[in-house]
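Enquirer: Contents are mmCIF, C-alpha atoms; file name upload.cif:
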data_query
#
loop_
_atom_site.label_atom_id
_atom_site.label_comp_id
_atom_site.auth_asym_id
_atom_site.auth_seq_id
_atom_site.Cartn_x
_atom_site.Cartn_y
_atom_site.Cartn_z
CA MET A 1 -57.89 35.29 -12.55
CA LYS A 2 -58.91 34.16 -15.93
CA SER A 3 -56.21 32.87 -18.20
CA SER A 4 -56.54 32.14 -21.84
CA ARG A 5 -54.99 29.10 -23.44
CA ARG A 6 -52.86 31.42 -25.57
CA LYS A 7 -51.39 33.16 -22.50
CA PHE A 8 -50.64 29.82 -20.79
CA LEU A 9 -48.75 28.51 -23.80
CA LYS A 10 -46.66 31.71 -23.98
CA ILE A 11 -45.59 31.40 -20.35
CA ALA A 12 -44.83 27.68 -20.77
CA GLY A 13 -42.68 28.40 -23.83
CA VAL A 14 -40.63 31.10 -22.10
CA SER A 15 -40.13 28.85 -19.05
CA ALA A 16 -38.90 25.95 -21.19
CA LEU A 17 -36.43 28.29 -22.89
CA GLY A 18 -35.17 29.46 -19.51
CA LEU A 19 -34.58 25.88 -18.32
CA GLY A 20 -32.67 25.14 -21.48
CA VAL A 21 -30.35 28.14 -21.12
CA ARG A 22 -29.08 27.25 -17.64
CA PRO A 23 -27.01 24.11 -18.51
CA VAL A 24 -25.46 25.93 -21.48
CA LEU A 25 -24.34 28.76 -19.21
CA ASP A 26 -22.92 26.27 -16.71
CA VAL A 27 -20.82 24.60 -19.38
CA LEU A 28 -19.50 27.94 -20.57
CA ALA A 29 -18.65 29.02 -17.04
CA SER A 30 -16.82 25.82 -16.16
CA SER A 31 -14.77 25.78 -19.34
CA ALA A 32 -13.64 29.33 -18.56
CA GLU A 33 -12.48 28.18 -15.11
CA HIS A 34 -10.62 25.22 -16.62
CA GLU A 35 -8.20 27.43 -18.44
CA ALA A 36 -6.89 28.82 -15.15
CA THR A 37 -6.22 25.48 -13.39
CA SER A 38 -5.93 21.97 -14.78
CA LYS A 39 -7.10 18.85 -13.01
CA PRO A 40 -4.57 16.97 -10.84
CA GLU A 41 -2.94 14.10 -12.66
CA ILE A 42 -1.26 10.87 -11.59
CA LYS A 43 1.51 9.28 -13.63
CA LYS A 44 4.56 7.02 -13.63
CA GLY A 45 7.98 8.45 -12.85
CA LYS A 46 9.99 9.20 -15.98
CA ASP A 47 12.90 6.97 -14.88
CA ALA A 48 10.68 3.97 -14.11
CA LEU A 49 11.82 0.66 -15.60
CA THR A 50 9.03 -1.09 -17.45
CA ALA A 51 8.59 -4.52 -19.00
CA LYS A 52 5.96 -6.98 -20.10
CA ARG A 53 7.21 -9.76 -17.88
CA TRP A 54 10.07 -9.32 -15.46
CA ALA A 55 12.25 -12.37 -14.92
CA MET A 56 15.49 -13.37 -13.26
CA VAL A 57 18.24 -15.85 -14.03
CA VAL A 58 20.35 -17.31 -11.21
CA ASP A 59 23.74 -18.48 -12.43
CA THR A 60 24.65 -21.04 -9.79
CA ARG A 61 27.98 -21.76 -11.51
CA LYS A 62 29.23 -18.49 -10.06
CA ILE A 63 28.31 -19.48 -6.50
CA GLU A 64 30.83 -21.36 -4.42
CA SER A 65 29.77 -20.91 -0.84
CA GLN A 66 27.27 -19.13 1.36
CA GLU A 67 29.63 -16.15 1.49
CA ASP A 68 28.84 -15.42 -2.16
CA VAL A 69 25.11 -15.18 -1.60
CA LYS A 70 24.80 -13.67 1.87
CA PRO A 71 25.26 -10.05 0.69
CA MET A 72 22.23 -10.41 -1.58
CA ILE A 73 20.03 -11.67 1.24
CA GLU A 74 21.29 -8.97 3.58
CA ALA A 75 20.75 -6.20 1.03
CA CYS A 76 17.17 -7.29 0.43
CA HIS A 77 16.20 -7.85 4.03
CA LYS A 78 17.75 -4.57 5.12
CA ILE A 79 15.96 -2.26 2.69
CA HIS A 80 12.64 -4.06 3.08
CA ASN A 81 12.60 -4.05 6.87
CA VAL A 82 12.44 -7.85 7.06
CA PRO A 83 12.47 -8.84 10.73
CA ASP A 84 14.85 -11.40 12.16
CA PHE A 85 12.94 -13.68 14.55
CA GLU A 86 15.01 -16.08 16.61
CA ASN A 87 12.18 -18.61 16.50
CA LYS A 88 12.47 -20.58 13.24
CA ASN A 89 8.70 -21.11 13.15
CA HIS A 90 8.20 -17.36 12.91
CA GLU A 91 10.86 -16.81 10.27
CA ILE A 92 10.15 -14.17 7.60
CA LYS A 93 11.98 -14.68 4.32
CA TRP A 94 11.98 -12.75 1.09
CA ILE A 95 15.08 -14.37 -0.36
CA TRP A 96 16.73 -17.35 1.25
CA LEU A 97 18.86 -20.47 0.74
CA GLU A 98 17.67 -23.97 -0.04
CA GLU A 99 19.35 -27.30 -0.70
CA PHE A 100 19.16 -28.91 -4.15
CA LYS A 101 16.86 -31.69 -2.95
CA HIS A 102 14.34 -29.13 -1.68
CA GLU A 103 14.82 -26.67 -4.51
CA PHE A 104 14.30 -29.24 -7.28
CA PRO A 105 12.64 -32.22 -5.57
CA THR A 106 11.69 -33.90 -8.85
CA GLN A 107 15.26 -33.76 -10.16
CA GLU A 108 16.85 -35.09 -7.01
CA HIS A 109 18.40 -38.57 -6.99
CA GLU A 110 21.03 -40.32 -4.95
CA PHE A 111 23.80 -39.77 -7.50
CA VAL A 112 23.51 -35.98 -7.84
CA ASP A 113 27.03 -34.65 -7.97
CA GLU A 114 28.59 -33.33 -4.84
CA ARG A 115 28.80 -29.70 -5.93
CA LEU A 116 25.04 -29.48 -6.48
CA ARG A 117 24.26 -31.40 -3.31
CA GLU A 118 26.27 -28.94 -1.23
CA LEU A 119 25.42 -25.77 -3.11
CA PRO A 120 23.21 -23.13 -1.46
CA PHE A 121 20.44 -22.25 -3.92
CA LEU A 122 19.08 -18.74 -3.85
CA THR A 123 15.32 -18.92 -3.54
CA LEU A 124 12.72 -16.19 -3.82
CA CYS A 125 9.18 -15.64 -5.04
CA ASN A 126 8.91 -17.00 -8.59
CA HIS A 127 6.46 -14.32 -9.75
CA CYS A 128 4.61 -17.06 -11.60
CA GLU A 129 2.76 -16.57 -14.82
CA ASN A 130 -0.26 -18.45 -13.41
CA ALA A 131 0.22 -17.62 -9.77
CA ALA A 132 -1.82 -19.81 -7.43
CA CYS A 133 -1.58 -17.22 -4.66
CA VAL A 134 -3.27 -14.59 -6.83
CA ARG A 135 -6.07 -16.96 -7.63
CA VAL A 136 -6.88 -17.90 -4.06
CA CYS A 137 -6.56 -14.49 -2.40
CA PRO A 138 -10.08 -13.58 -1.27
CA THR A 139 -9.42 -9.83 -1.01
CA LYS A 140 -7.21 -9.36 -4.09
CA ALA A 141 -4.46 -8.25 -1.75
CA THR A 142 -2.15 -10.38 -3.91
CA PHE A 143 -2.43 -9.46 -7.54
CA LYS A 144 -0.50 -9.66 -10.78
CA ARG A 145 0.81 -6.42 -12.12
CA GLU A 146 0.95 -5.55 -15.81
CA ASP A 147 4.69 -6.14 -15.81
CA GLY A 148 4.31 -9.69 -14.46
CA ILE A 149 5.24 -8.95 -10.86
CA VAL A 150 3.10 -10.78 -8.33
CA LEU A 151 2.66 -8.06 -5.78
CA MET A 152 1.05 -7.75 -2.38
CA ASP A 153 -1.04 -4.85 -1.18
CA PHE A 154 -0.35 -5.12 2.54
CA HIS A 155 -3.21 -2.70 3.23
CA ARG A 156 -5.68 -5.29 2.01
CA CYS A 157 -4.21 -8.48 3.45
CA ILE A 158 -6.47 -9.97 6.10
CA GLY A 159 -4.01 -12.71 7.05
CA CYS A 160 -6.12 -15.69 5.98
CA ARG A 161 -2.98 -17.47 4.66
CA PHE A 162 -4.75 -19.10 1.71
CA CYS A 163 -1.83 -17.86 -0.41
CA MET A 164 0.64 -19.67 1.83
CA ALA A 165 -1.26 -22.89 1.37
CA ALA A 166 -1.50 -22.33 -2.38
CA CYS A 167 2.11 -21.35 -3.10
CA PRO A 168 4.03 -24.49 -4.13
CA TYR A 169 7.38 -22.82 -3.47
CA GLY A 170 7.04 -21.71 0.15
CA SER A 171 7.71 -18.14 -0.87
CA ARG A 172 5.40 -16.59 1.67
CA SER A 173 5.79 -15.85 5.34
CA PHE A 174 3.27 -14.85 7.96
CA ASN A 175 3.78 -12.29 10.71
CA PHE A 176 2.74 -14.20 13.80
CA ARG A 177 4.09 -11.35 15.93
CA ASP A 178 4.58 -7.62 15.60
CA PRO A 179 7.75 -7.51 13.48
CA ARG A 180 8.91 -4.03 14.49
CA PRO A 181 10.93 -4.93 17.59
CA PHE A 182 12.83 -7.53 15.54
CA ILE A 183 14.06 -5.19 12.83
CA LYS A 184 17.65 -4.28 13.61
CA GLU A 185 17.77 -1.12 11.57
CA GLN A 186 14.59 0.40 10.17
CA ASN A 187 14.59 1.87 6.69
CA PRO A 188 12.03 4.72 6.78
CA GLU A 189 11.73 4.66 2.99
CA PHE A 190 9.91 1.32 3.09
CA PRO A 191 7.07 0.39 5.44
CA THR A 192 7.33 -2.45 7.92
CA ARG A 193 4.49 -4.91 8.16
CA SER A 194 2.08 -5.37 11.02
CA LYS A 195 1.06 -8.47 12.93
CA GLY A 196 -1.29 -10.76 11.00
CA VAL A 197 -0.07 -9.94 7.49
CA VAL A 198 1.58 -12.21 4.93
CA GLU A 199 4.65 -10.98 3.07
CA LYS A 200 7.05 -12.01 0.33
CA CYS A 201 9.51 -10.73 -2.27
CA ASN A 202 8.14 -7.86 -4.36
CA PHE A 203 10.83 -7.93 -7.09
CA CYS A 204 11.79 -4.50 -5.72
CA ALA A 205 8.78 -2.80 -7.30
CA GLU A 206 9.63 0.35 -5.36
CA ARG A 207 13.15 0.42 -6.87
CA LEU A 208 11.99 -0.33 -10.43
CA ALA A 209 9.68 2.69 -10.10
CA VAL A 210 12.68 4.98 -9.72
CA GLY A 211 14.84 3.28 -12.34
CA LYS A 212 16.92 1.01 -10.10
CA LEU A 213 17.47 -2.73 -10.47
CA PRO A 214 16.39 -5.03 -7.61
CA ALA A 215 18.66 -4.78 -4.59
CA CYS A 216 19.82 -8.41 -4.77
CA VAL A 217 20.76 -8.08 -8.45
CA GLU A 218 22.73 -4.94 -7.76
CA VAL A 219 25.04 -6.63 -5.24
CA SER A 220 25.15 -10.05 -6.95
CA ASN A 221 28.39 -9.62 -8.94
CA GLY A 222 26.77 -11.16 -12.00
CA VAL A 223 25.17 -14.13 -10.28
CA LEU A 224 21.72 -12.67 -10.89
CA THR A 225 20.45 -11.22 -14.15
CA PHE A 226 17.20 -9.30 -14.31
CA GLY A 227 15.24 -8.36 -17.40
CA ASP A 228 12.21 -8.55 -19.61
CA LEU A 229 11.27 -12.07 -20.67
CA ASP A 230 9.01 -10.68 -23.36
CA ASP A 231 11.79 -8.77 -25.10
CA PRO A 232 13.85 -11.08 -27.37
CA GLU A 233 16.76 -8.63 -27.21
CA SER A 234 16.95 -8.56 -23.41
CA GLU A 235 19.89 -9.91 -21.44
CA VAL A 236 17.83 -12.62 -19.75
CA ARG A 237 16.64 -13.90 -23.12
CA GLU A 238 20.21 -13.96 -24.38
CA ILE A 239 21.27 -16.05 -21.37
CA LEU A 240 18.30 -18.39 -21.79
CA ARG A 241 19.21 -18.85 -25.45
CA THR A 242 22.81 -19.76 -24.76
CA ASN A 243 22.51 -21.79 -21.55
CA TYR A 244 20.54 -24.76 -20.31
CA THR A 245 18.23 -23.52 -17.56
CA ILE A 246 15.74 -25.14 -15.22
CA ARG A 247 12.81 -23.88 -13.18
CA ARG A 248 11.34 -25.11 -9.92
CA LYS A 249 8.55 -27.72 -10.13
CA PRO A 250 7.72 -27.04 -13.79
CA ALA A 251 5.10 -29.82 -13.93
CA LEU A 252 2.75 -27.76 -11.76
CA GLY A 253 2.24 -25.31 -14.61
CA ALA A 254 2.65 -22.23 -12.47
CA GLY A 255 5.17 -20.80 -14.92
CA PRO A 256 7.91 -19.43 -12.65
CA SER A 257 9.88 -16.40 -13.81
CA ILE A 258 13.04 -17.42 -11.97
CA PHE A 259 15.46 -19.54 -14.02
CA TYR A 260 18.47 -21.46 -12.74
CA ILE A 261 21.64 -22.35 -14.59
CA VAL A 262 23.00 -25.41 -12.80
CA MET B 263 -68.76 10.12 38.30
CA THR B 264 -65.94 10.37 40.80
CA ASN B 265 -62.74 12.22 40.09
CA ASN B 266 -60.17 9.47 39.39
CA LYS B 267 -57.36 11.77 38.16
CA LYS B 268 -55.79 11.90 41.57
CA ILE B 269 -52.07 11.16 42.04
CA TYR B 270 -51.39 9.06 45.09
CA ASP B 271 -48.46 10.30 47.24
CA LYS B 272 -48.22 13.38 45.12
CA GLY B 273 -45.36 14.93 47.13
CA MET B 274 -43.10 11.90 46.96
CA VAL B 275 -43.73 11.38 43.26
CA ILE B 276 -42.80 14.96 42.41
CA ILE B 277 -39.64 14.86 44.54
CA GLY B 278 -38.73 11.55 42.87
CA LEU B 279 -39.26 13.01 39.42
CA CYS B 280 -37.09 16.01 40.28
CA ILE B 281 -34.26 13.77 41.47
CA PHE B 282 -34.60 11.65 38.32
CA VAL B 283 -34.33 14.69 36.04
CA VAL B 284 -31.33 16.04 37.95
CA VAL B 285 -29.50 12.70 37.80
CA ILE B 286 -30.23 12.08 34.14
CA THR B 287 -29.04 15.56 33.07
CA PHE B 288 -26.01 15.44 35.36
CA PRO B 289 -23.40 14.95 32.59
CA PHE B 290 -24.76 17.94 30.68
CA TRP B 291 -24.71 20.59 33.39
CA PHE B 292 -21.68 19.19 35.16
CA ASN B 293 -19.54 19.61 32.03
CA LEU B 294 -21.14 22.86 30.97
CA GLY B 295 -18.48 25.21 29.67
CA ASN B 296 -15.72 22.64 30.15
CA ALA B 297 -15.67 21.38 26.54
CA ALA B 298 -12.15 20.60 25.39
CA PRO B 299 -11.16 23.17 22.76
CA ALA B 300 -10.59 21.84 19.26
CA PRO B 301 -6.83 21.45 18.84
CA GLU B 302 -4.99 23.60 16.37
CA PRO B 303 -2.54 21.39 14.45
CA LYS B 304 0.93 22.85 14.57
CA ILE B 305 2.27 23.52 11.09
CA ALA B 306 5.97 22.72 11.02
CA ASP B 307 8.37 25.42 9.83
CA LYS B 308 9.21 23.58 6.66
CA ALA B 309 5.53 23.29 5.73
CA LYS B 310 5.03 26.98 6.49
CA ALA B 311 7.94 27.86 4.25
CA ALA B 312 6.51 25.76 1.43
CA LYS B 313 3.27 27.78 1.72
CA GLU B 314 1.29 25.33 -0.39
CA CYS B 315 0.42 21.69 0.19
CA VAL B 316 -0.21 19.27 -2.69
CA MET B 317 -3.76 20.61 -2.86
CA PRO B 318 -5.35 23.80 -1.45
CA LYS B 319 -5.43 23.99 2.33
CA ALA B 320 -9.23 23.85 2.60
CA TYR B 321 -9.28 20.68 0.53
CA MET B 322 -6.50 19.04 2.54
CA LYS B 323 -8.25 19.88 5.80
CA VAL B 324 -11.41 18.04 4.82
CA GLU B 325 -10.28 15.49 2.23
CA HIS B 326 -6.73 14.44 3.17
CA MET B 327 -7.88 10.93 3.96
CA GLN B 328 -9.43 10.56 0.51
CA ILE B 329 -6.29 11.73 -1.24
CA LEU B 330 -4.14 9.42 0.90
CA ASN B 331 -6.39 6.49 0.02
CA GLU B 332 -6.15 7.33 -3.65
CA TRP B 333 -2.39 7.63 -3.41
CA ARG B 334 -1.90 4.29 -1.73
CA ASP B 335 -4.06 2.51 -4.29
CA THR B 336 -2.41 4.03 -7.33
CA VAL B 337 1.10 3.57 -5.95
CA VAL B 338 0.66 -0.06 -4.95
CA ARG B 339 -1.75 -1.31 -7.57
CA ASP B 340 -1.11 0.85 -10.65
CA ALA B 341 2.60 1.52 -10.04
CA LYS B 342 2.03 5.24 -10.60
CA ARG B 343 3.96 7.24 -8.07
CA ILE B 344 3.99 10.81 -9.34
CA PHE B 345 1.21 13.25 -8.47
CA VAL B 346 0.91 16.42 -10.56
CA ASN B 347 -1.25 19.00 -8.81
CA SER B 348 -3.41 21.63 -10.46
CA SER B 349 -0.58 24.13 -10.67
CA GLY B 350 1.62 21.58 -12.44
CA LYS B 351 3.94 20.78 -9.55
CA GLU B 352 5.10 17.14 -9.21
CA PHE B 353 5.18 15.15 -5.99
CA ASN B 354 6.34 11.67 -5.09
CA MET B 355 3.24 10.01 -3.62
CA SER B 356 4.76 8.91 -0.34
CA LEU B 357 3.54 9.37 3.20
CA THR B 358 6.98 9.15 4.77
CA SER B 359 9.05 10.83 2.09
CA THR B 360 6.67 13.59 0.99
CA CYS B 361 4.04 14.33 3.65
CA LEU B 362 6.34 13.91 6.62
CA ASP B 363 9.15 15.69 4.83
CA CYS B 364 7.26 18.98 5.27
CA HIS B 365 5.04 18.12 8.21
CA THR B 366 7.96 17.04 10.31
CA GLU B 367 6.04 16.96 13.59
CA LYS B 368 3.75 13.96 13.31
CA ALA B 369 2.73 14.15 16.97
CA GLU B 370 1.79 17.81 16.72
CA PHE B 371 0.26 17.61 13.27
CA CYS B 372 -1.43 14.23 12.75
CA ASP B 373 -1.89 12.75 16.19
CA LYS B 374 -3.24 15.86 17.90
CA CYS B 375 -6.39 16.06 15.79
CA HIS B 376 -6.80 12.31 15.42
CA ASP B 377 -6.75 11.91 19.20
CA TYR B 378 -9.28 14.71 19.62
CA ALA B 379 -11.60 13.25 16.98
CA SER B 380 -11.03 9.78 18.42
CA VAL B 381 -9.99 8.29 15.09
CA SER B 382 -7.07 5.90 14.93
CA PRO B 383 -5.88 5.41 11.34
CA TYR B 384 -3.51 2.43 11.13
CA CYS B 385 -0.97 4.16 8.87
CA TRP B 386 1.76 4.14 11.47
CA GLU B 387 1.53 0.45 12.27
CA CYS B 388 3.61 -0.02 9.11
CA HIS B 389 4.71 3.34 7.75
CA ILE B 390 7.60 4.82 9.61
CA ASP B 391 7.95 8.28 11.08
CA PRO B 392 11.68 8.91 10.51
CA LYS B 393 11.82 10.59 13.92
CA GLU B 394 10.64 7.50 15.71
CA THR B 395 13.09 5.09 14.11
CA LYS B 396 15.68 3.58 16.31
#
If you convert what's in this file into structure tokens, what do you get?
Expert:
Amino acid sequence: MKSSRRKFLKIAGVSALGLGVRPVLDVLASSAEHEATSKPEIKKGKDALTAKRWAMVVDTRKIESQEDVKPMIEACHKIHNVPDFENKNHEIKWIWLEEFKHEFPTQEHEFVDERLRELPFLTLCNHCENAACVRVCPTKATFKREDGIVLMDFHRCIGCRFCMAACPYGSRSFNFRDPRPFIKEQNPEFPTRSKGVVEKCNFCAERLAVGKLPACVEVSNGVLTFGDLDDPESEVREILRTNYTIRRKPALGAGPSIFYIV
Amino acid sequence: MTNNKKIYDKGMVIIGLCIFVVVITFPFWFNLGNAAPAPEPKIADKAKAAKECVMPKAYMKVEHMQILNEWRDTVVRDAKRIFVNSSGKEFNMSLTSTCLDCHTEKAEFCDKCHDYASVSPYCWECHIDPKETK
């Protein structure tokens, strides 16, 4: 078949036009579909509490004995399915008690008054501004959230325990055994952990998401105050303005978000 | 030129080959027609009543693991816990509180297919089936 140049160019032109029309039709078709159904969306709950940097103040003047602080520890450990191992070496702690000399080792001296020496200090993860655990975690299982909470993604933790070595406050515990048999009463709302995973306080991220204060704060009878450190009008800032407060091992530069009135 | 295409001990070789073929294909013809039927996951009454899952059924059947992965990442890492599906309905992104709330029979719904497909997702090492709590 003989074909003239003129005929070839005509066919080529029509073909090019045809190729150009197709994408335009596709766009029109898909936009018509879009009106019927929208794309799924993911968002925060409307009651969620938000902040720039969550912080806590512990007013130790309101603590007299262990009886005053035990309910806070129990409340936390119960809702978070924290196991109770008899073996001290396997202990898992989210919030626990410490003596003054261990809580503030650089402030300790032989003439510390008796009240402080005997007082049980509430201790938990400091949710540091420059958290060493976040920096060393090889899988980013520990990370810093936008609101300042140092959180763990248990799904990602490989149990290397670098974070435990890095944390200067001993806030982290490792599951040497399957914790499930050692949980007295399981709370189905919160997962347990599995063997080989590190865990610590999460500042009750799951409660903040539904507009509740951390469990320990709720039962603390005013011993604990929780709020936004970045908001000058917040209650924690008001307390920090009007009281002398200290933090644990400040010289390390970790920038803890837990403050103590002693 | 002599014919050198002769098989020595022809009879024995052929019998041996036959036995070899029979033995090697044994698993195939022995199990012929005995294939385990694909399990049909039991939809709990509550899920039936709800009629619709968070996404269309066909999507959930094939892609539920993707959506669960996405949920766990956004909940833990982005602190976003509400899923709005294409028809505008809101769900709390929670395996225990939302999925298992409708699909009440984990053993009949999740485990049945997972066992058949020989996959063992580690969800339940940590997440709790309210039915199995003590």
Enquirer: Would you pick out the contacts of region 306-308 of chain B at 7 Å or less, using only C-alpha atoms, so that residues sharing its chain but fewer than 4 positions from it are not included, and give the list as a count of residues only?
Expert: 5
Enquirer: May I ask for the distance between CA of Thr242 (chain A) and CA of Ile149 (chain A), given in Å to one decimal place?
Expert: 24.9 Å
Enquirer: Pull out every residue of chain B that has at least one atom within 9 Å of chain A, counting all atoms listed in the file, and report them as a PyMOL selection string.
Expert: chain B and resi 317+333-336+338-350+354+356+358-359+386-392+395-396
Enquirer: Tell me, as a list in words, which residues lie within 10 Å of Glu332 (chain B), counting all atoms listed in the file; anything in the same chain fewer than 5 positions away does not count.
Expert: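 Residues near the query, excluding close chain neighbours: Ile42 of chain A; His326, Met327, Val337 and Met355 of chain B.
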Enquirer: Residues as selected, C-alpha atoms, written as a PDB file, in the frame of the given file, can you do that?
Expert:
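Saved the output as again-v5.pdb:
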ATOM      1  CA  ILE A  42      -1.260  10.870 -11.590  1.00  0.00           C
TER       2      ILE A  42
ATOM      3  CA  HIS B 326      -6.730  14.440   3.170  1.00  0.00           C
ATOM      4  CA  MET B 327      -7.880  10.930   3.960  1.00  0.00           C
ATOM      5  CA  VAL B 337       1.100   3.570  -5.950  1.00  0.00           C
ATOM      6  CA  MET B 355       3.240  10.010  -3.620  1.00  0.00           C
TER       7      MET B 355
END
Enquirer: Between A:Trp94, A:Phe182, A:Phe162, A:Phe259, single out the one closest to Thr60 (chain A), counting all atoms listed in the file.
Expert: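 Among the listed residues, A:Phe259 lies closest to Thr60 (chain A).
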Enquirer: CA of Tyr169 (chain A) and CA of Val150 (chain A) are how many Å apart?
Expert: 13.7 Å
Enquirer: Can you measure CA of Leu122 (chain A) to CA of Asn243 (chain A) for me? One decimal in Å is fine.
Expert: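 Value for the CA of Leu122 (chain A)-CA of Asn243 (chain A) distance: 18.3 Å.
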Enquirer: Expand the PyMOL selection byres ((chain A and resi 86-92) around 9) into the explicit residue set it covers here, and present it as a PyMOL selection string.
Expert: chain A and resi 82-85+93-94+172-177+182+199-200
Enquirer: On this structure, which residues satisfy the PyMOL selection byres ((chain A and resi 68) around 12), written as a list of chain:residue names?
Expert: A:Asp59, A:Thr60, A:Arg61, A:Lys62, A:Ile63, A:Glu64, A:Ser65, A:Gln66, A:Glu67, A:Val69, A:Lys70, A:Pro71, A:Met72, A:Ile73, A:Glu74, A:Leu97, A:Leu119, A:Pro120, A:Phe121, A:Leu122, A:Cys216, A:Val219, A:Ser220, A:Asn221, A:Gly222, A:Val223, A:Leu224
Enquirer: Rank A:Ala29, A:Leu124, A:Ile246, A:Ala51 by their smallest atom-to-atom distance to Asp230 (chain A), using all atoms listed in the file, and report the top residue only.
Expert: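 Counting all atoms listed in the file, the residue closest to Asp230 (chain A) is A:Ala51.
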Enquirer: Given the choices A:Leu49, A:Val24, A:Ala165, A:Ala55, which gets closest to Leu229 (chain A) if the distance is worked out from all atoms listed in the file?
Expert: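 With all atoms listed in the file as the atom set, the closest residue is A:Ala55.
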Enquirer: Do you know which residues are at most 12 Å from Asp377 (chain B) counting only C-alpha atoms, after dropping those on the same chain fewer than 6 positions away, and could you put them as a list of chain:residue names?
Expert: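 Close residues of Asp377 (chain B): B:Ala298, B:Ala300, B:Pro301, B:Pro303, B:Ala369, B:Glu370, B:Phe371, B:Pro383.
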Enquirer: Give as JSON, numbers by chain the set of residues within 8 Å of the point (6.0, -21.8, -10.9), where distances use the file's coordinates and all atoms listed in the file.
Expert: {"A": [126, 127, 128, 129, 130, 131, 168, 169, 247, 248, 249, 250, 252, 253, 254, 255, 256, 257]}
Enquirer: Got a sec to check which residues sit within 12 Å of (16.9, -11.8, -23.8), counting only C-alpha atoms, and write them as number ranges by chain?
Expert: A: 53-57, 225-243
